[in-house]
file upload_25.txt (compact mmCIF, C-alpha atoms (C1' of nucleotides) and all ligand atoms)
# COMPACT_ATOMS: atom_id res chain seq x y z
CA MET A 1 158.01 -125.16 8.76
CA ARG A 2 159.14 -124.50 12.28
CA THR A 3 162.10 -122.34 13.18
CA PRO A 4 165.65 -123.67 12.79
CA ALA A 5 165.92 -123.99 16.59
CA GLU A 6 162.69 -125.97 16.84
CA LEU A 7 163.68 -128.16 13.93
CA THR A 8 166.99 -128.87 15.62
CA ASP A 9 165.13 -130.11 18.66
CA ALA A 10 162.68 -132.11 16.56
CA PHE A 11 165.49 -133.79 14.65
CA ARG A 12 167.37 -134.70 17.83
CA LYS A 13 164.17 -136.09 19.38
CA GLN A 14 163.75 -138.41 16.41
CA GLY A 15 167.29 -139.69 16.70
CA PHE A 16 168.50 -137.73 13.70
CA LYS A 17 171.78 -135.90 13.89
CA ILE A 18 172.33 -132.20 13.52
CA THR A 19 174.88 -131.50 10.84
CA PRO A 20 176.12 -128.16 9.56
CA GLN A 21 174.55 -128.98 6.19
CA ARG A 22 171.13 -129.44 7.76
CA GLN A 23 171.46 -126.33 9.88
CA LEU A 24 172.38 -124.29 6.83
CA LEU A 25 169.33 -125.55 4.94
CA PHE A 26 167.08 -124.87 7.95
CA ARG A 27 168.31 -121.29 7.82
CA LEU A 28 167.97 -120.93 4.05
CA LEU A 29 164.39 -122.20 4.21
CA ASP A 30 163.32 -120.24 7.29
CA GLY A 31 160.73 -117.71 6.15
CA ASN A 32 161.65 -118.34 2.51
CA ALA A 33 158.59 -117.49 0.40
CA THR A 34 160.29 -117.87 -2.98
CA HIS A 35 159.35 -121.54 -3.48
CA PRO A 36 162.93 -122.40 -4.41
CA THR A 37 164.00 -125.41 -6.41
CA ALA A 38 166.54 -127.83 -4.98
CA GLU A 39 169.08 -126.42 -7.41
CA ALA A 40 168.40 -122.84 -6.28
CA LEU A 41 168.88 -123.80 -2.64
CA TYR A 42 172.02 -125.68 -3.57
CA ASN A 43 173.46 -122.58 -5.23
CA ARG A 44 172.73 -120.42 -2.21
CA ALA A 45 174.10 -123.10 0.08
CA CYS A 46 177.30 -123.38 -1.94
CA SER A 47 178.21 -119.76 -1.33
CA GLU A 48 178.09 -120.34 2.43
CA MET A 49 179.41 -123.88 2.39
CA PRO A 50 181.46 -124.71 -0.68
CA GLY A 51 181.55 -128.47 -1.07
CA ILE A 52 178.01 -129.23 0.08
CA SER A 53 176.53 -131.65 -2.36
CA LEU A 54 173.32 -131.36 -4.34
CA ARG A 55 172.56 -134.88 -3.18
CA THR A 56 172.51 -133.71 0.41
CA VAL A 57 170.18 -130.84 -0.45
CA TYR A 58 167.69 -133.24 -2.03
CA GLN A 59 168.10 -135.61 0.89
CA THR A 60 167.38 -132.95 3.50
CA LEU A 61 164.46 -131.49 1.57
CA ASN A 62 162.92 -134.94 1.26
CA ASP A 63 163.43 -135.59 4.96
CA LEU A 64 161.75 -132.31 5.87
CA ALA A 65 158.88 -133.05 3.49
CA ALA A 66 158.44 -136.52 5.02
CA MET A 67 158.26 -134.92 8.45
CA GLY A 68 155.57 -132.57 7.19
CA GLU A 69 157.74 -129.50 7.70
CA LEU A 70 157.96 -128.75 4.00
CA ARG A 71 155.56 -129.05 1.10
CA HIS A 72 156.70 -130.21 -2.29
CA VAL A 73 154.99 -127.99 -4.86
CA SER A 74 154.60 -128.91 -8.50
CA VAL A 75 153.64 -126.08 -10.84
CA GLY A 76 153.10 -128.11 -13.98
CA CYS A 77 156.46 -127.75 -15.65
CA GLY A 78 160.05 -127.38 -14.64
CA PRO A 79 161.66 -128.69 -11.49
CA GLY A 80 159.77 -129.18 -8.25
CA ARG A 81 159.59 -126.35 -5.74
CA PHE A 82 159.88 -126.58 -1.96
CA ASP A 83 157.66 -124.59 0.33
CA PRO A 84 158.18 -124.05 4.06
CA ASN A 85 154.69 -122.55 4.24
CA THR A 86 152.46 -125.41 5.38
CA ASP A 87 149.29 -123.32 5.61
CA ASP A 88 146.28 -124.35 3.57
CA HIS A 89 147.14 -122.25 0.57
CA HIS A 90 147.61 -122.32 -3.19
CA HIS A 91 149.88 -120.80 -5.83
CA VAL A 92 150.02 -118.38 -8.68
CA VAL A 93 152.76 -118.83 -11.27
CA CYS A 94 154.09 -116.31 -13.75
CA ASP A 95 154.28 -118.18 -17.02
CA ARG A 96 156.89 -115.73 -18.26
CA CYS A 97 159.51 -115.74 -15.51
CA GLY A 98 158.46 -118.68 -13.35
CA THR A 99 157.89 -116.72 -10.15
CA VAL A 100 155.62 -118.54 -7.69
CA ARG A 101 153.59 -116.67 -5.08
CA ASP A 102 151.30 -117.86 -2.30
CA VAL A 103 147.60 -117.17 -2.62
CA TYR A 104 144.81 -117.92 -0.22
CA VAL A 105 141.64 -119.12 -1.90
CA ASP A 106 138.33 -118.60 -0.14
CA GLY A 107 136.16 -121.69 -0.24
CA ALA A 108 138.71 -123.89 -1.97
CA ASN A 109 137.66 -126.83 0.18
CA GLN A 110 133.93 -126.38 -0.49
CA LEU A 111 134.02 -126.38 -4.26
CA ALA A 112 131.07 -127.90 -6.05
CA ILE A 113 132.57 -130.75 -8.05
CA GLU A 114 130.66 -132.48 -10.80
CA GLY A 115 131.86 -135.81 -12.14
CA LEU A 116 133.65 -137.42 -9.24
CA ASP A 117 131.79 -140.69 -9.21
CA GLY A 118 133.25 -142.81 -6.48
CA PHE A 119 136.34 -140.71 -5.81
CA ASP A 120 136.58 -139.73 -2.16
CA ALA A 121 138.68 -137.67 0.25
CA VAL A 122 139.58 -135.22 -2.45
CA THR A 123 141.65 -132.19 -1.55
CA PRO A 124 142.36 -129.62 -4.22
CA SER A 125 145.66 -128.11 -5.19
CA ILE A 126 145.13 -125.05 -7.30
CA VAL A 127 147.72 -123.43 -9.53
CA PHE A 128 146.80 -120.13 -11.15
CA HIS A 129 148.74 -119.29 -14.27
CA GLY A 130 149.24 -115.67 -15.22
CA GLU A 131 151.77 -112.91 -15.54
CA CYS A 132 153.45 -111.18 -12.64
CA ALA A 133 153.51 -107.40 -12.24
CA ASP A 134 157.19 -107.13 -13.20
CA CYS A 135 156.72 -109.09 -16.41
CA ALA A 136 153.57 -107.14 -17.28
CA LEU A 137 155.55 -103.90 -16.87
CA SER A 138 158.45 -105.06 -18.98
CA VAL A 139 156.18 -105.71 -21.96
CA PRO A 140 153.62 -102.93 -21.56
CA THR A 141 152.38 -102.51 -25.13
CA ASN A 142 153.31 -105.68 -26.98
CA PRO A 143 152.11 -108.68 -24.99
CA ASN A 144 153.79 -111.37 -27.08
CA SER A 145 157.51 -110.96 -27.12
CA PRO A 146 159.24 -114.24 -26.47
CA LYS A 147 161.44 -112.57 -23.89
CA GLU A 148 162.92 -114.93 -21.35
CA HIS A 149 164.16 -112.53 -18.69
CA GLN A 150 165.58 -113.32 -15.22
CA MET B 1 139.86 -132.06 -29.97
CA ARG B 2 138.00 -132.24 -33.24
CA THR B 3 137.23 -135.47 -35.04
CA PRO B 4 139.93 -137.27 -37.03
CA ALA B 5 138.27 -136.13 -40.26
CA GLU B 6 138.16 -132.49 -39.18
CA LEU B 7 141.74 -132.67 -37.96
CA THR B 8 142.80 -134.07 -41.30
CA ASP B 9 141.25 -131.05 -43.02
CA ALA B 10 142.78 -128.68 -40.50
CA PHE B 11 146.24 -130.16 -40.96
CA ARG B 12 146.01 -129.98 -44.74
CA LYS B 13 144.81 -126.36 -44.55
CA GLN B 14 147.90 -125.44 -42.56
CA GLY B 15 150.22 -127.07 -45.06
CA PHE B 16 150.91 -130.06 -42.84
CA LYS B 17 150.91 -133.48 -44.34
CA ILE B 18 148.65 -136.36 -43.47
CA THR B 19 150.66 -139.40 -42.60
CA PRO B 20 149.45 -142.81 -41.41
CA GLN B 21 151.15 -142.13 -38.08
CA ARG B 22 149.18 -138.94 -37.55
CA GLN B 23 145.92 -140.54 -38.60
CA LEU B 24 146.47 -143.38 -36.19
CA LEU B 25 147.08 -140.96 -33.33
CA PHE B 26 144.00 -138.93 -34.29
CA ARG B 27 142.00 -142.11 -33.96
CA LEU B 28 143.61 -143.21 -30.69
CA LEU B 29 142.90 -139.81 -29.16
CA ASP B 30 139.35 -139.40 -30.51
CA GLY B 31 137.02 -139.51 -27.53
CA ASN B 32 139.82 -140.81 -25.32
CA ALA B 33 139.00 -139.80 -21.74
CA THR B 34 141.82 -141.75 -20.08
CA HIS B 35 144.34 -138.90 -20.10
CA PRO B 36 146.99 -141.18 -21.55
CA THR B 37 150.72 -140.63 -21.33
CA ALA B 38 152.81 -140.46 -24.49
CA GLU B 39 154.18 -143.88 -23.64
CA ALA B 40 150.67 -145.36 -23.23
CA LEU B 41 149.65 -144.00 -26.63
CA TYR B 42 152.88 -145.31 -28.11
CA ASN B 43 152.13 -148.80 -26.82
CA ARG B 44 148.62 -148.77 -28.26
CA ALA B 45 149.94 -147.35 -31.52
CA CYS B 46 152.61 -150.03 -31.76
CA SER B 47 150.03 -152.81 -31.82
CA GLU B 48 148.40 -151.26 -34.89
CA MET B 49 151.58 -149.96 -36.49
CA PRO B 50 154.69 -151.78 -35.41
CA GLY B 51 157.67 -149.57 -36.08
CA ILE B 52 156.09 -146.23 -35.22
CA SER B 53 158.52 -144.33 -33.07
CA LEU B 54 157.97 -142.84 -29.65
CA ARG B 55 159.56 -139.69 -31.01
CA THR B 56 156.77 -139.34 -33.55
CA VAL B 57 154.14 -139.77 -30.86
CA TYR B 58 155.67 -136.95 -28.82
CA GLN B 59 156.02 -134.84 -31.96
CA THR B 60 152.39 -135.27 -32.97
CA LEU B 61 151.09 -134.69 -29.45
CA ASN B 62 153.11 -131.50 -29.20
CA ASP B 63 151.82 -130.35 -32.58
CA LEU B 64 148.23 -130.98 -31.56
CA ALA B 65 148.79 -129.17 -28.26
CA ALA B 66 150.30 -126.21 -30.10
CA MET B 67 147.22 -126.08 -32.33
CA GLY B 68 145.01 -126.05 -29.24
CA GLU B 69 143.47 -129.41 -30.08
CA LEU B 70 145.01 -131.11 -27.08
CA ARG B 71 145.74 -130.07 -23.53
CA HIS B 72 148.88 -131.13 -21.77
CA VAL B 73 147.89 -132.08 -18.24
CA SER B 74 150.36 -132.28 -15.38
CA VAL B 75 149.17 -134.07 -12.25
CA GLY B 76 152.12 -133.29 -10.02
CA CYS B 77 154.23 -136.37 -10.52
CA GLY B 78 154.90 -138.94 -13.15
CA PRO B 79 154.83 -138.37 -16.89
CA GLY B 80 152.62 -135.75 -18.52
CA ARG B 81 149.15 -136.66 -19.66
CA PHE B 82 147.43 -135.62 -22.87
CA ASP B 83 143.80 -134.63 -22.96
CA PRO B 84 141.64 -134.26 -26.08
CA ASN B 85 138.94 -132.67 -23.91
CA THR B 86 139.43 -128.93 -24.31
CA ASP B 87 136.41 -127.94 -22.23
CA ASP B 88 136.93 -125.72 -19.22
CA HIS B 89 137.41 -128.55 -16.77
CA HIS B 90 139.69 -129.91 -14.08
CA HIS B 91 140.99 -133.24 -12.82
CA VAL B 92 140.84 -135.71 -9.99
CA VAL B 93 143.73 -138.13 -9.59
CA CYS B 94 143.78 -141.41 -7.72
CA ASP B 95 147.00 -141.32 -5.72
CA ARG B 96 146.99 -145.09 -5.53
CA CYS B 97 146.62 -146.16 -9.15
CA GLY B 98 147.15 -142.92 -11.05
CA THR B 99 143.77 -142.83 -12.77
CA VAL B 100 142.81 -139.33 -13.93
CA ARG B 101 139.19 -138.32 -14.37
CA ASP B 102 137.56 -135.14 -15.63
CA VAL B 103 135.65 -133.02 -13.16
CA TYR B 104 133.68 -129.85 -13.73
CA VAL B 105 134.11 -127.30 -10.97
CA ASP B 106 131.35 -124.80 -10.43
CA GLY B 107 132.68 -121.27 -9.97
CA ALA B 108 136.31 -122.18 -10.60
CA ASN B 109 136.76 -118.94 -12.54
CA GLN B 110 135.15 -116.75 -9.88
CA LEU B 111 137.27 -117.84 -6.91
CA ALA B 112 138.06 -115.21 -4.30
CA ILE B 113 141.84 -115.03 -4.34
CA GLU B 114 143.79 -113.27 -1.64
CA GLY B 115 147.43 -112.38 -2.19
CA LEU B 116 147.74 -111.89 -5.91
CA ASP B 117 149.30 -108.47 -5.87
CA GLY B 118 149.96 -107.45 -9.42
CA PHE B 119 149.37 -110.81 -11.05
CA ASP B 120 146.78 -110.55 -13.76
CA ALA B 121 144.84 -112.75 -16.17
CA VAL B 122 145.09 -115.72 -13.86
CA THR B 123 143.34 -118.92 -14.87
CA PRO B 124 143.19 -121.79 -12.41
CA SER B 125 144.07 -125.39 -12.99
CA ILE B 126 142.77 -127.56 -10.19
CA VAL B 127 143.93 -131.06 -9.38
CA PHE B 128 142.05 -132.98 -6.72
CA HIS B 129 143.97 -135.82 -5.12
CA GLY B 130 142.06 -138.76 -3.71
CA GLU B 131 141.31 -142.41 -4.14
CA CYS B 132 139.19 -143.88 -6.90
CA ALA B 133 136.24 -146.21 -6.26
CA ASP B 134 138.12 -149.29 -7.43
CA CYS B 135 141.07 -148.64 -5.15
CA ALA B 136 138.79 -147.85 -2.22
CA LEU B 137 137.04 -151.20 -2.78
CA SER B 138 140.27 -153.17 -2.99
CA VAL B 139 141.34 -151.95 0.46
CA PRO B 140 138.00 -151.69 2.25
CA THR B 141 139.05 -152.03 5.88
CA ASN B 142 142.74 -151.15 6.02
CA PRO B 143 143.35 -147.84 4.25
CA ASN B 144 147.14 -147.94 4.30
CA SER B 145 148.47 -150.90 2.39
CA PRO B 146 151.22 -149.85 0.00
CA LYS B 147 149.53 -151.75 -2.81
CA GLU B 148 150.58 -150.64 -6.27
CA HIS B 149 147.96 -152.31 -8.44
CA GLN B 150 147.33 -151.80 -12.18
C1' DC C 1 189.47 -136.71 25.71
C1' DT C 2 189.15 -140.95 23.11
C1' DG C 3 186.90 -144.65 20.91
C1' DT C 4 182.74 -146.73 19.11
C1' DT C 5 178.48 -146.64 16.88
C1' DT C 6 175.36 -145.28 13.70
C1' DG C 7 173.35 -141.90 10.94
C1' DT C 8 175.01 -138.65 7.26
C1' DT C 9 177.42 -136.89 3.35
C1' DC C 10 179.25 -137.23 -1.12
C1' DG C 11 180.24 -138.62 -5.73
C1' DC C 12 178.88 -141.21 -9.24
C1' DA C 13 176.09 -144.20 -11.80
C1' DC C 14 171.62 -144.75 -13.13
C1' DA C 15 166.56 -143.96 -14.21
C1' DA C 16 162.60 -141.59 -16.25
C1' DG C 17 160.76 -138.43 -19.30
C1' DT C 18 161.46 -135.52 -23.01
C1' DT C 19 163.90 -133.04 -26.75
C1' DG C 20 167.71 -132.05 -30.48
C1' DC C 21 169.61 -133.64 -34.45
C1' DA C 22 170.48 -135.55 -39.05
C1' DG C 23 169.86 -138.88 -42.41
C1' DA C 24 166.36 -141.74 -44.61
C1' DT C 25 161.57 -141.63 -46.06
C1' DT C 26 157.33 -140.16 -48.05
C1' DG C 27 153.02 -137.22 -48.94
C1' DG C 28 151.45 -133.74 -52.03
C1' DC C 29 151.71 -131.89 -56.37
C1' DG C 30 152.90 -130.65 -61.07
C1' DC D 1 156.72 -140.31 -62.71
C1' DG D 2 159.74 -137.23 -60.24
C1' DC D 3 160.66 -133.42 -57.20
C1' DC D 4 160.84 -131.24 -52.76
C1' DA D 5 159.58 -129.98 -48.46
C1' DA D 6 157.65 -131.99 -44.51
C1' DT D 7 157.94 -135.96 -41.71
C1' DC D 8 159.69 -140.08 -39.45
C1' DT D 9 163.02 -142.58 -37.07
C1' DG D 10 166.94 -143.83 -34.14
C1' DC D 11 170.04 -142.21 -31.22
C1' DA D 12 172.42 -138.97 -28.40
C1' DA D 13 171.78 -135.55 -25.13
C1' DC D 14 169.43 -133.31 -21.56
C1' DT D 15 166.84 -132.44 -17.08
C1' DT D 16 165.39 -133.75 -12.77
C1' DG D 17 165.79 -136.76 -9.34
C1' DT D 18 167.20 -141.37 -6.90
C1' DG D 19 170.16 -145.77 -5.50
C1' DC D 20 174.25 -147.10 -3.72
C1' DG D 21 178.52 -147.71 -1.13
C1' DA D 22 182.67 -145.86 0.76
C1' DA D 23 184.25 -142.13 3.58
C1' DC D 24 182.95 -139.19 7.25
C1' DA D 25 181.40 -137.24 11.57
C1' DA D 26 177.65 -136.38 15.41
C1' DA D 27 176.38 -138.29 19.59
C1' DC D 28 177.45 -140.64 23.48
C1' DA D 29 179.70 -143.74 26.87
C1' DG D 30 183.70 -144.69 29.35
MN MN A 201 153.43 -121.65 -1.07
MN MN A 202 140.59 -133.89 -18.79
ZN ZN A 203 157.06 -112.78 -14.25
ZN ZN A 204 142.77 -145.93 -8.05
call {"tool": "encode", "arguments": {"input": "upload_25.txt", "output": "structure tokens"}}
result
Amino acid sequence: MRTPAELTDAFRKQGFKITPQRQLLFRLLDGNATHPTAEALYNRACSEMPGISLRTVYQTLNDLAAMGELRHVSVGCGPGRFDPNTDDHHHVVCDRCGTVRDVYVDGANQLAIEGLDGFDAVTPSIVFHGECADCALSVPTNPNSPKEHQ
Amino acid sequence: MRTPAELTDAFRKQGFKITPQRQLLFRLLDGNATHPTAEALYNRACSEMPGISLRTVYQTLNDLAAMGELRHVSVGCGPGRFDPNTDDHHHVVCDRCGTVRDVYVDGANQLAIEGLDGFDAVTPSIVFHGECADCALSVPTNPNSPKEHQ
DNA sequence: CTGTTTGTTCGCACAAGTTGCAGATTGGCG
DNA sequence: CGCCAATCTGCAACTTGTGCGAACAAACAG
């Protein structure tokens, strides 16, 4: 995703209007590496702009995704995440707390694939499932407590 | 997933009961490589057993998944898929018609990952997005019709 | 600065997919 | 056969996200 200032220009150039709601979301997303859900962004937005609607958050996120400024990331379960990082990258998810982190996978686009008869133009999206450092620390000896922290 | 007969034994051994509904689903899943949704299985089940409930289909699928006989596959959007193939494999999805096919990815477990600080025991699940042979054929010259066949 | 236009916001209803619940049913067993 | 625990079913509820229309407000011209 580009900077809030660049996005402002880009929106104006396309005939879109610049609203305080959009500017707030540009700011909340700028450099945001947490892969937030729409709901999470809505909650943060509410504290700066009480009255903003969840509908508007979804709307703006979808607009940004359609413009290619944002990637919609699905991690297999739970709500969709939004990612201002448009690099060619992949994700690792903590199955305990849900944290999502960027990972860069060497050779992801040159994988040897067996069984794709006829399928073409395939690009991989890789999700690694594991346990983050924090969660590993919080259950050092007994790795199977059903703890649901955070 | 094991054969219907083996599953029947396994269920009995665990104190679970063998019902006609479960047996039907064992059969519908046996060797099923289509990665069906719960709804799709429900529809097929209904033709053999009118009156079976969608709730029971979900229940049985979840039970099988919990026993490790079935994998729940998420392809990023749309309903979840269920997969009796428990091999170490991955998936390619046709973004036009939704078909899901098994693929075997060489070296998927030895990928060089950059950025996983602290995450451990990560296992990848890879989804390739592309276009299946049938869909490619049906739109041979113009690759951008919004056709929604099947 | 004021008025007009047109895109935007908001609230609510709705949709899809899945689960919780409780009463009716039935498989396994003595 | 008769019991009982497991199961099935129907429905309500839930989660995530979208459609819609009335109210609102950026952008711009005068
Ligand atoms: Mn990312
Ligand atoms: Mn599969
Ligand atoms: Zn964690
Ligand atoms: Zn297809």
call {"tool": "residues_near_ligand", "arguments": {"input": "upload_25.txt", "ligand": "ligand ZN 203 (chain A)", "cutoff": "12 Å", "atoms": "only C-alpha atoms (C1' of nucleotides) and all ligand atoms", "output": "list in words"}}
result
Val92, Val93, Cys94, Asp95, Arg96, Cys97, Gly98, Thr99, Val100, Arg101, His129, Gly130, Glu131, Cys132, Ala133, Asp134, Cys135, Ala136, Leu137, Ser138, Val139, Lys147, Glu148, His149 and Gln150 of chain A; Gly118, Phe119 and Asp120 of chain B
call {"tool": "write_last_selection", "arguments": {"input": "upload_25.txt", "atoms": "C-alpha atoms", "output": "CSV table (one decimal), in the frame of the given file"}}
result
chain,number,residue,atom,x,y,z
A,92,VAL,CA,150.0,-118.4,-8.7
A,93,VAL,CA,152.8,-118.8,-11.3
A,94,CYS,CA,154.1,-116.3,-13.8
A,95,ASP,CA,154.3,-118.2,-17.0
A,96,ARG,CA,156.9,-115.7,-18.3
A,97,CYS,CA,159.5,-115.7,-15.5
A,98,GLY,CA,158.5,-118.7,-13.4
A,99,THR,CA,157.9,-116.7,-10.2
A,100,VAL,CA,155.6,-118.5,-7.7
A,101,ARG,CA,153.6,-116.7,-5.1
A,129,HIS,CA,148.7,-119.3,-14.3
A,130,GLY,CA,149.2,-115.7,-15.2
A,131,GLU,CA,151.8,-112.9,-15.5
A,132,CYS,CA,153.4,-111.2,-12.6
A,133,ALA,CA,153.5,-107.4,-12.2
A,134,ASP,CA,157.2,-107.1,-13.2
A,135,CYS,CA,156.7,-109.1,-16.4
A,136,ALA,CA,153.6,-107.1,-17.3
A,137,LEU,CA,155.6,-103.9,-16.9
A,138,SER,CA,158.4,-105.1,-19.0
A,139,VAL,CA,156.2,-105.7,-22.0
A,147,LYS,CA,161.4,-112.6,-23.9
A,148,GLU,CA,162.9,-114.9,-21.4
A,149,HIS,CA,164.2,-112.5,-18.7
A,150,GLN,CA,165.6,-113.3,-15.2
B,118,GLY,CA,150.0,-107.4,-9.4
B,119,PHE,CA,149.4,-110.8,-11.0
B,120,ASP,CA,146.8,-110.6,-13.8
call {"tool": "interface_residues", "arguments": {"input": "upload_25.txt", "of": "chain B", "to": "chain D", "cutoff": "10 Å", "atoms": "only C-alpha atoms (C1' of nucleotides)", "output": "PyMOL selection string"}}
result
chain B and resi 15-19+21+51-56+59
call {"tool": "closest_atom_pairs", "arguments": {"input": "upload_25.txt", "of": "chain C", "to": "chain A", "cutoff": "8 Å", "atoms": "all atoms listed in the file", "output": "Markdown table"}}
result
| residue | atom | partner | partner_atom | distance |
| --- | --- | --- | --- | --- |
| C:DG7 | C1' | A:Lys17 | CA | 6.9 |
| C:DT8 | C1' | A:Lys17 | CA | 7.9 |
| C:DT9 | C1' | A:Thr56 | CA | 6.5 |
| C:DC10 | C1' | A:Ser53 | CA | 6.3 |
call {"tool": "interface_residues", "arguments": {"input": "upload_25.txt", "of": "chain A", "to": "chain B", "cutoff": "8 Å", "atoms": "all atoms listed in the file", "output": "ChimeraX atom specification"}}
result
/A:73-77,92,94,101-108,111-133
call {"tool": "atom_distance", "arguments": {"input": "upload_25.txt", "atom1": "atom CA of Ala40 of chain A", "atom2": "atom CA of Pro79 of chain B"}}
result
23.2 Å
call {"tool": "atom_distance", "arguments": {"input": "upload_25.txt", "atom1": "atom CA of Leu64 of chain A", "atom2": "atom CA of Cys46 of chain A"}}
result
19.6 Å
call {"tool": "decode", "arguments": {"input": "upload_25.txt", "residues": "segment 7-21 of chain C", "atoms": "N, CA, C and O atoms (P, O5', C5', C4', C3', O3' and C1' of nucleotides)", "output": "compact mmCIF listing (two decimals), in the first residue's frame"}}
result
# COMPACT_ATOMS: atom_id res chain seq x y z
P DG C 7 -20.66 9.69 -9.33
O5' DG C 7 -19.72 9.28 -8.12
C5' DG C 7 -18.60 10.09 -7.81
C4' DG C 7 -18.38 10.11 -6.32
C3' DG C 7 -18.25 8.73 -5.68
O3' DG C 7 -17.21 8.80 -4.74
C1' DG C 7 -20.01 9.92 -4.63
P DT C 8 -16.84 7.58 -3.81
O5' DT C 8 -17.66 7.94 -2.50
C5' DT C 8 -17.26 9.08 -1.74
C4' DT C 8 -17.95 9.05 -0.38
C3' DT C 8 -17.78 7.75 0.41
O3' DT C 8 -17.25 8.12 1.67
C1' DT C 8 -20.06 8.40 0.33
P DT C 9 -16.89 7.02 2.73
O5' DT C 9 -18.14 7.12 3.71
C5' DT C 9 -18.45 8.37 4.30
C4' DT C 9 -19.72 8.24 5.11
C3' DT C 9 -19.73 7.08 6.10
O3' DT C 9 -20.05 7.60 7.38
C1' DT C 9 -21.70 7.06 4.76
P DC C 10 -19.88 6.69 8.68
O5' DC C 10 -21.38 6.21 8.91
C5' DC C 10 -22.43 7.17 8.84
C4' DC C 10 -23.78 6.50 8.94
C3' DC C 10 -23.86 5.30 9.89
O3' DC C 10 -24.96 5.49 10.75
C1' DC C 10 -24.74 4.74 7.74
P DG C 11 -24.97 4.75 12.18
O5' DG C 11 -26.29 3.88 12.07
C5' DG C 11 -27.48 4.52 11.62
C4' DG C 11 -28.43 3.49 11.05
C3' DG C 11 -28.56 2.21 11.87
O3' DG C 11 -29.94 1.98 12.07
C1' DG C 11 -28.11 1.69 9.61
P DC C 12 -30.49 0.91 13.13
O5' DC C 12 -31.26 -0.11 12.19
C5' DC C 12 -31.95 0.37 11.03
C4' DC C 12 -32.03 -0.72 9.98
C3' DC C 12 -32.19 -2.13 10.58
O3' DC C 12 -33.34 -2.73 10.04
C1' DC C 12 -30.56 -2.10 8.88
P DA C 13 -33.94 -4.08 10.66
O5' DA C 13 -34.25 -4.87 9.31
C5' DA C 13 -34.57 -4.13 8.13
C4' DA C 13 -34.13 -4.93 6.92
C3' DA C 13 -34.42 -6.42 7.04
O3' DA C 13 -34.91 -6.88 5.79
C1' DA C 13 -32.10 -6.09 6.65
P DC C 14 -35.48 -8.37 5.65
O5' DC C 14 -34.27 -9.15 4.99
C5' DC C 14 -33.67 -8.62 3.80
C4' DC C 14 -32.37 -9.32 3.53
C3' DC C 14 -32.43 -10.85 3.61
O3' DC C 14 -32.18 -11.34 2.31
C1' DC C 14 -30.45 -9.98 4.61
P DA C 15 -32.36 -12.93 1.99
O5' DA C 15 -30.86 -13.43 1.83
C5' DA C 15 -29.93 -12.68 1.05
C4' DA C 15 -28.58 -13.34 1.13
C3' DA C 15 -28.68 -14.86 1.27
O3' DA C 15 -27.78 -15.46 0.36
C1' DA C 15 -27.40 -13.94 3.05
P DA C 16 -27.83 -17.05 0.18
O5' DA C 16 -26.46 -17.46 0.86
C5' DA C 16 -25.28 -16.75 0.52
C4' DA C 16 -24.14 -17.27 1.36
C3' DA C 16 -24.12 -18.79 1.49
O3' DA C 16 -22.77 -19.21 1.36
C1' DA C 16 -24.21 -17.80 3.64
P DG C 17 -22.51 -20.81 1.22
O5' DG C 17 -21.94 -21.17 2.66
C5' DG C 17 -20.82 -20.46 3.15
C4' DG C 17 -20.63 -20.78 4.60
C3' DG C 17 -20.69 -22.28 4.95
O3' DG C 17 -19.53 -22.59 5.70
C1' DG C 17 -22.07 -21.05 6.39
P DT C 18 -19.19 -24.15 6.00
O5' DT C 18 -19.52 -24.24 7.55
C5' DT C 18 -18.98 -23.23 8.42
C4' DT C 18 -19.75 -23.23 9.71
C3' DT C 18 -19.88 -24.60 10.39
O3' DT C 18 -18.98 -24.63 11.48
C1' DT C 18 -21.83 -23.22 10.62
P DT C 19 -18.92 -25.87 12.48
O5' DT C 19 -19.88 -25.38 13.67
C5' DT C 19 -19.60 -24.13 14.29
C4' DT C 19 -20.64 -23.86 15.37
C3' DT C 19 -20.82 -24.98 16.40
O3' DT C 19 -20.79 -24.36 17.68
C1' DT C 19 -22.90 -24.36 15.49
P DG C 20 -20.90 -25.25 18.99
O5' DG C 20 -22.36 -24.86 19.54
C5' DG C 20 -22.68 -23.50 19.80
C4' DG C 20 -23.96 -23.40 20.60
C3' DG C 20 -24.16 -24.43 21.71
O3' DG C 20 -24.84 -23.80 22.78
C1' DG C 20 -25.83 -24.74 20.04
P DC C 21 -25.17 -24.61 24.11
O5' DC C 21 -26.66 -25.11 23.87
C5' DC C 21 -27.60 -24.20 23.28
C4' DC C 21 -28.94 -24.87 23.14
C3' DC C 21 -29.22 -26.00 24.14
O3' DC C 21 -30.49 -25.78 24.72
C1' DC C 21 -29.62 -26.75 21.93
